[in-house]
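Structure data follow from entry.pdb (PDB, C-alpha atoms):
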MODEL        1
ATOM      1  CA  MET A   1     -40.879  15.336  43.341
ATOM      2  CA  ALA A   2     -37.167  16.061  43.897
ATOM      3  CA  ASN A   3     -36.260  12.454  43.140
ATOM      4  CA  SER A   4     -38.677  11.988  40.231
ATOM      5  CA  ALA A   5     -38.245  11.848  36.481
ATOM      6  CA  LEU A   6     -40.801  12.078  33.690
ATOM      7  CA  LEU A   7     -40.375   9.279  31.135
ATOM      8  CA  VAL A   8     -41.604  10.045  27.612
ATOM      9  CA  MET A   9     -41.634   6.643  25.940
ATOM     10  CA  ASP A  10     -41.895   5.603  22.293
ATOM     11  CA  VAL A  11     -43.378   8.910  21.126
ATOM     12  CA  GLN A  12     -41.668   8.443  17.798
ATOM     13  CA  ARG A  13     -42.925   9.692  14.440
ATOM     14  CA  ASP A  14     -44.067   6.325  13.057
ATOM     15  CA  VAL A  15     -45.677   5.314  16.356
ATOM     16  CA  VAL A  16     -47.597   8.593  16.604
ATOM     17  CA  ALA A  17     -48.759   8.181  12.990
ATOM     18  CA  ILE A  18     -50.185   4.758  13.869
ATOM     19  CA  ALA A  19     -51.709   5.551  17.272
ATOM     20  CA  ASP A  20     -52.703   9.229  17.422
ATOM     21  CA  ASP A  21     -56.480   9.373  17.595
ATOM     22  CA  GLY A  22     -56.882  13.134  17.161
ATOM     23  CA  SER A  23     -57.819  13.608  20.824
ATOM     24  CA  GLY A  24     -55.096  16.164  21.551
ATOM     25  CA  TYR A  25     -52.588  13.653  22.864
ATOM     26  CA  LEU A  26     -49.429  15.485  21.777
ATOM     27  CA  PRO A  27     -50.464  18.893  23.213
ATOM     28  CA  ARG A  28     -51.352  17.222  26.552
ATOM     29  CA  LEU A  29     -48.017  15.433  26.601
ATOM     30  CA  ARG A  30     -46.247  18.700  25.718
ATOM     31  CA  ARG A  31     -47.947  20.352  28.745
ATOM     32  CA  ALA A  32     -46.680  17.560  30.998
ATOM     33  CA  ILE A  33     -43.148  17.926  29.605
ATOM     34  CA  ASP A  34     -43.191  21.720  29.996
ATOM     35  CA  GLY A  35     -44.592  21.385  33.524
ATOM     36  CA  ALA A  36     -41.909  18.896  34.501
ATOM     37  CA  ARG A  37     -39.173  21.190  33.228
ATOM     38  CA  ALA A  38     -40.676  24.182  35.041
ATOM     39  CA  ALA A  39     -40.721  22.159  38.275
ATOM     40  CA  GLY A  40     -37.123  20.990  37.819
ATOM     41  CA  ILE A  41     -38.162  17.389  37.144
ATOM     42  CA  PRO A  42     -35.833  15.707  34.632
ATOM     43  CA  VAL A  43     -37.420  14.642  31.350
ATOM     44  CA  ILE A  44     -36.022  11.400  30.004
ATOM     45  CA  TYR A  45     -36.992  10.222  26.537
ATOM     46  CA  VAL A  46     -37.022   6.526  25.751
ATOM     47  CA  VAL A  47     -37.033   5.334  22.152
ATOM     48  CA  MET A  48     -37.116   1.927  20.539
ATOM     49  CA  GLY A  49     -34.119   1.565  18.257
ATOM     50  CA  LEU A  50     -32.981  -1.467  16.335
ATOM     51  CA  ARG A  51     -29.641  -1.690  14.585
ATOM     52  CA  PRO A  52     -29.682  -1.990  10.796
ATOM     53  CA  GLY A  53     -30.026  -5.662   9.975
ATOM     54  CA  ASP A  54     -31.883  -6.223  13.271
ATOM     55  CA  PRO A  55     -29.275  -8.448  14.974
ATOM     56  CA  GLU A  56     -31.175  -8.183  18.276
ATOM     57  CA  VAL A  57     -34.459  -9.525  16.837
ATOM     58  CA  SER A  58     -35.158 -13.213  17.305
ATOM     59  CA  PRO A  59     -37.647 -14.879  14.947
ATOM     60  CA  ARG A  60     -39.225 -16.357  18.110
ATOM     61  CA  ASN A  61     -40.249 -12.883  19.267
ATOM     62  CA  ARG A  62     -43.500 -12.156  17.413
ATOM     63  CA  VAL A  63     -43.793  -8.555  18.560
ATOM     64  CA  MET A  64     -40.311  -7.587  17.444
ATOM     65  CA  THR A  65     -40.516  -9.576  14.218
ATOM     66  CA  ASN A  66     -43.811  -7.864  13.320
ATOM     67  CA  ALA A  67     -42.317  -4.449  14.075
ATOM     68  CA  VAL A  68     -39.398  -5.165  11.759
ATOM     69  CA  ARG A  69     -41.734  -6.406   9.019
ATOM     70  CA  ALA A  70     -43.707  -3.172   9.371
ATOM     71  CA  GLY A  71     -40.476  -1.212   8.872
ATOM     72  CA  LEU A  72     -40.526   0.249  12.378
ATOM     73  CA  PHE A  73     -37.735   1.276  14.738
ATOM     74  CA  THR A  74     -34.601   1.100  12.564
ATOM     75  CA  GLU A  75     -32.021   3.432  14.097
ATOM     76  CA  GLY A  76     -31.431   6.458  11.901
ATOM     77  CA  ALA A  77     -34.715   6.147   9.989
ATOM     78  CA  PRO A  78     -36.821   9.353  10.029
ATOM     79  CA  GLY A  79     -39.854   7.540  11.484
ATOM     80  CA  THR A  80     -37.817   6.415  14.487
ATOM     81  CA  GLU A  81     -37.096  10.009  15.568
ATOM     82  CA  ILE A  82     -38.971  11.534  18.495
ATOM     83  CA  HIS A  83     -42.018  13.434  17.256
ATOM     84  CA  ASP A  84     -41.244  17.115  16.636
ATOM     85  CA  ASP A  85     -44.144  18.311  18.828
ATOM     86  CA  VAL A  86     -42.490  16.859  21.938
ATOM     87  CA  ALA A  87     -38.829  16.894  20.891
ATOM     88  CA  PRO A  88     -36.096  16.856  23.516
ATOM     89  CA  GLN A  89     -34.294  20.024  24.525
ATOM     90  CA  GLN A  90     -30.640  20.392  25.326
ATOM     91  CA  GLY A  91     -29.951  18.647  28.607
ATOM     92  CA  ASP A  92     -32.708  16.045  28.218
ATOM     93  CA  VAL A  93     -31.514  12.465  28.218
ATOM     94  CA  VAL A  94     -32.516  10.126  25.374
ATOM     95  CA  VAL A  95     -32.270   6.407  26.118
ATOM     96  CA  THR A  96     -32.473   3.751  23.417
ATOM     97  CA  LYS A  97     -34.083   0.448  24.313
ATOM     98  CA  ARG A  98     -34.178  -2.795  22.349
ATOM     99  CA  ARG A  99     -37.416  -4.323  23.699
ATOM    100  CA  GLY A 100     -40.781  -3.397  25.204
ATOM    101  CA  SER A 101     -39.742  -2.130  28.627
ATOM    102  CA  ALA A 102     -37.792   1.113  28.862
ATOM    103  CA  PHE A 103     -35.265  -0.856  30.920
ATOM    104  CA  SER A 104     -34.760  -3.713  28.431
ATOM    105  CA  GLY A 105     -31.491  -3.445  26.575
ATOM    106  CA  SER A 106     -30.972   0.153  27.688
ATOM    107  CA  ASP A 107     -28.948   2.056  30.250
ATOM    108  CA  LEU A 108     -32.046   3.663  31.818
ATOM    109  CA  ASP A 109     -31.455   2.150  35.261
ATOM    110  CA  LEU A 110     -27.888   3.479  35.253
ATOM    111  CA  VAL A 111     -29.088   6.980  34.276
ATOM    112  CA  LEU A 112     -31.752   6.953  37.011
ATOM    113  CA  ARG A 113     -29.428   5.648  39.725
ATOM    114  CA  ALA A 114     -26.722   8.185  38.800
ATOM    115  CA  ARG A 115     -29.274  10.959  39.330
ATOM    116  CA  ASP A 116     -30.628   9.389  42.538
ATOM    117  CA  ILE A 117     -34.092   9.099  40.967
ATOM    118  CA  ASP A 118     -36.412   6.752  42.843
ATOM    119  CA  SER A 119     -39.801   7.735  41.432
ATOM    120  CA  LEU A 120     -41.015   7.655  37.826
ATOM    121  CA  VAL A 121     -43.846   9.420  36.034
ATOM    122  CA  LEU A 122     -44.818   7.302  33.031
ATOM    123  CA  THR A 123     -46.147   8.539  29.691
ATOM    124  CA  GLY A 124     -46.047   7.075  26.213
ATOM    125  CA  ILE A 125     -47.382   5.023  23.361
ATOM    126  CA  ALA A 126     -48.620   2.333  23.783
ATOM    127  CA  THR A 127     -50.292   1.878  27.138
ATOM    128  CA  SER A 128     -50.439  -1.877  26.542
ATOM    129  CA  ALA A 129     -46.804  -2.101  25.466
ATOM    130  CA  VAL A 130     -44.054   0.233  26.711
ATOM    131  CA  VAL A 131     -46.089   1.712  29.582
ATOM    132  CA  LEU A 132     -47.239  -1.672  30.896
ATOM    133  CA  SER A 133     -43.817  -3.317  30.416
ATOM    134  CA  THR A 134     -41.979  -0.429  32.049
ATOM    135  CA  LEU A 135     -44.423  -0.264  34.944
ATOM    136  CA  TRP A 136     -43.862  -3.936  35.752
ATOM    137  CA  HIS A 137     -40.098  -3.638  35.413
ATOM    138  CA  ALA A 138     -40.038  -0.505  37.601
ATOM    139  CA  ILE A 139     -42.120  -2.246  40.276
ATOM    140  CA  ASP A 140     -39.507  -5.000  40.457
ATOM    141  CA  LEU A 141     -36.802  -2.331  40.820
ATOM    142  CA  ASP A 142     -38.698  -0.630  43.694
ATOM    143  CA  PHE A 143     -39.420   2.676  41.953
ATOM    144  CA  GLY A 144     -42.344   4.813  43.079
ATOM    145  CA  LEU A 145     -44.741   5.173  40.164
ATOM    146  CA  THR A 146     -47.205   7.651  38.722
ATOM    147  CA  VAL A 147     -48.957   7.109  35.405
ATOM    148  CA  LEU A 148     -50.330  10.134  33.567
ATOM    149  CA  ALA A 149     -53.514   8.551  32.240
ATOM    150  CA  ASP A 150     -54.147  11.009  29.426
ATOM    151  CA  ALA A 151     -50.477  11.201  28.452
ATOM    152  CA  CYS A 152     -50.592   7.509  27.557
ATOM    153  CA  LEU A 153     -52.164   6.316  24.333
ATOM    154  CA  ASP A 154     -53.013   2.952  22.831
ATOM    155  CA  THR A 155     -54.356   1.798  19.490
ATOM    156  CA  ASP A 156     -57.064  -0.064  21.423
ATOM    157  CA  PRO A 157     -59.090   2.388  23.566
ATOM    158  CA  GLU A 158     -60.737  -0.420  25.534
ATOM    159  CA  VAL A 159     -57.405  -1.925  26.531
ATOM    160  CA  HIS A 160     -56.112   1.538  27.483
ATOM    161  CA  LYS A 161     -59.185   2.162  29.646
ATOM    162  CA  MET A 162     -58.930  -1.218  31.379
ATOM    163  CA  LEU A 163     -55.244  -0.722  32.167
ATOM    164  CA  ILE A 164     -55.665   2.878  33.366
ATOM    165  CA  GLU A 165     -58.819   2.268  35.401
ATOM    166  CA  LYS A 166     -58.409  -1.260  36.719
ATOM    167  CA  LEU A 167     -54.859  -2.590  36.582
ATOM    168  CA  PHE A 168     -52.445   0.322  36.990
ATOM    169  CA  PRO A 169     -54.118   1.806  40.125
ATOM    170  CA  GLN A 170     -53.149  -1.367  41.993
ATOM    171  CA  TRP A 171     -49.459  -0.440  41.717
ATOM    172  CA  ALA A 172     -49.208   3.248  40.800
ATOM    173  CA  ASP A 173     -50.860   6.595  41.266
ATOM    174  CA  VAL A 174     -52.894   7.198  38.122
ATOM    175  CA  VAL A 175     -53.739  10.841  37.454
ATOM    176  CA  ALA A 176     -54.584  13.211  34.627
ATOM    177  CA  VAL A 177     -51.928  15.588  33.316
ATOM    178  CA  GLU A 178     -53.719  18.662  34.693
ATOM    179  CA  ASP A 179     -54.037  17.141  38.176
ATOM    180  CA  TRP A 180     -50.351  16.206  38.161
ATOM    181  CA  LEU A 181     -49.368  19.709  37.042
ATOM    182  CA  GLU A 182     -51.378  21.195  39.901
ATOM    183  CA  ALA A 183     -49.705  18.835  42.376
ATOM    184  CA  ILE A 184     -46.156  19.619  41.240
ATOM    185  CA  ALA A 185     -46.895  23.362  41.214
ATOM    186  CA  LEU A 186     -47.659  23.099  44.946
ATOM    187  CA  GLN A 187     -44.319  21.416  45.728
TER
ENDMDL
END
Write the structure described by the file as structure tokens, please.
Amino acid sequence: MANSALLVMDVQRDVVAIADDGSGYLPRLRRAIDGARAAGIPVIYVVMGLRPGDPEVSPRNRVMTNAVRAGLFTEGAPGTEIHDDVAPQQGDVVVTKRRGSAFSGSDLDLVLRARDIDSLVLTGIATSAVVLSTLWHAIDLDFGLTVLADACLDTDPEVHKMLIEKLFPQWADVVAVEDWLEAIALQ
């Protein structure tokens, strides 16, 4: 785990308000974050942030256009901030992205390469958006991958289940937070 980082992606106030299903998602994610810190694994937060006026949003991009119409992701808006229950601590890196993947329009790859990180542990909202997009991008960049199944959340439970149980295991280790915490404690 020496060359790993935990990515906490799109766990922003407005996103949590839309997706949180009352299943204890934030406390589970908090345990993963605390466990990573205790094991010396860097925690890197990734947030979606769009400049006021949305100059990076093309009308041809339905996803981004719908997000803007919904009033989501404007830099500086309170709803765009990382949720208080999992807020960064001093020393944590916060990366701003402009599209679905944590790598798109951000300096995440630069941050990871500067720290010699070659393995990622993925968490975030939504499983079918940032987690899926980042997983595919990270595969193409040759990162080792772990997905914390219960530290990912989606507004569609069936899609989440299909991704976690059928698709992601083809390319990543998929484990529960508690199992991952046990594994890193043994390192």
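Using all atoms listed in the file, the shortest contact distance between A:Gln89 and any of A:Phe143, A:Tyr45, A:Trp136, A:Trp180 is found at A:Tyr45.
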Considering all atoms listed in the file, return as a PyMOL selection string whatever protein or nucleic-acid residues lie within 12 Å of A:Met48, sequence-local ones (same chain, fewer than 5 positions apart) excluded.
chain A and resi 8-15+56+64+67-68+72-77+79-82+94-106+124-126+129-130
Hey, can you check how far atom CA of A:Thr146 sits from atom CA of A:Val131?
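For atom CA of A:Thr146 relative to atom CA of A:Val131, the distance reads 11.0 Å.
For A:Val174, the list of residues within 9 Å, based on only C-alpha atoms and with local chain neighbours fewer than 2 positions off taken out, reads Leu145, Thr146, Val147, Leu148, Ala149, Ile164, Glu165, Phe168, Pro169, Ala172 and Ala176 of chain A.
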For A:Leu120, the closest of A:Gly49, A:Gly35, A:Gly144, A:Pro59 counting all atoms listed in the file is A:Gly144
Suppose you want the space between atom CA of A:Asp92 and atom CA of A:Arg37; what is it in Å?
9.7 Å
Sorted per-residue table, stretch 49-160 of chain A near stretch 16-28 of chain A, closest atoms and distance, 9 Å, only C-alpha atoms, as JSON lines:
{"residue": "A:His83", "atom": "CA", "partner": "A:Val16", "partner_atom": "CA", "distance": 7.4}
{"residue": "A:Asp85", "atom": "CA", "partner": "A:Leu26", "partner_atom": "CA", "distance": 6.7}
{"residue": "A:Val86", "atom": "CA", "partner": "A:Leu26", "partner_atom": "CA", "distance": 7.1}
{"residue": "A:Ile125", "atom": "CA", "partner": "A:Ala19", "partner_atom": "CA", "distance": 7.5}
{"residue": "A:Ala126", "atom": "CA", "partner": "A:Ala19", "partner_atom": "CA", "distance": 7.9}
{"residue": "A:Asp150", "atom": "CA", "partner": "A:Tyr25", "partner_atom": "CA", "distance": 7.2}
{"residue": "A:Ala151", "atom": "CA", "partner": "A:Arg28", "partner_atom": "CA", "distance": 6.4}
{"residue": "A:Cys152", "atom": "CA", "partner": "A:Tyr25", "partner_atom": "CA", "distance": 8.0}
{"residue": "A:Leu153", "atom": "CA", "partner": "A:Ala19", "partner_atom": "CA", "distance": 7.1}
{"residue": "A:Asp154", "atom": "CA", "partner": "A:Ala19", "partner_atom": "CA", "distance": 6.3}
{"residue": "A:Thr155", "atom": "CA", "partner": "A:Ala19", "partner_atom": "CA", "distance": 5.1}
{"residue": "A:Asp156", "atom": "CA", "partner": "A:Ala19", "partner_atom": "CA", "distance": 8.8}
Between atom CA of A:Glu158 and atom CA of A:Leu6, what distance in Å does the model show, to one decimal?
24.9 Å
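Omitting A:Val111 and its sequence neighbours fewer than 6 positions away, and counting all atoms listed in the file, the residues within 10 Å are Ile44, Val93, Val95 and Ile117 of chain A.
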Give the answer as one residue: which of A:Ala114, A:Val47, A:Leu108, A:Val121 has the shortest atom-to-atom distance to A:Ile184, using all atoms listed in the file?
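Ranking A:Ala114, A:Val47, A:Leu108, A:Val121 by distance to A:Ile184, first place goes to A:Val121.
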Taking all atoms listed in the file into account, which of A:Pro55, A:Arg62, A:Ser128, A:Ser119 comes nearest A:Ala5?
A:Ser119
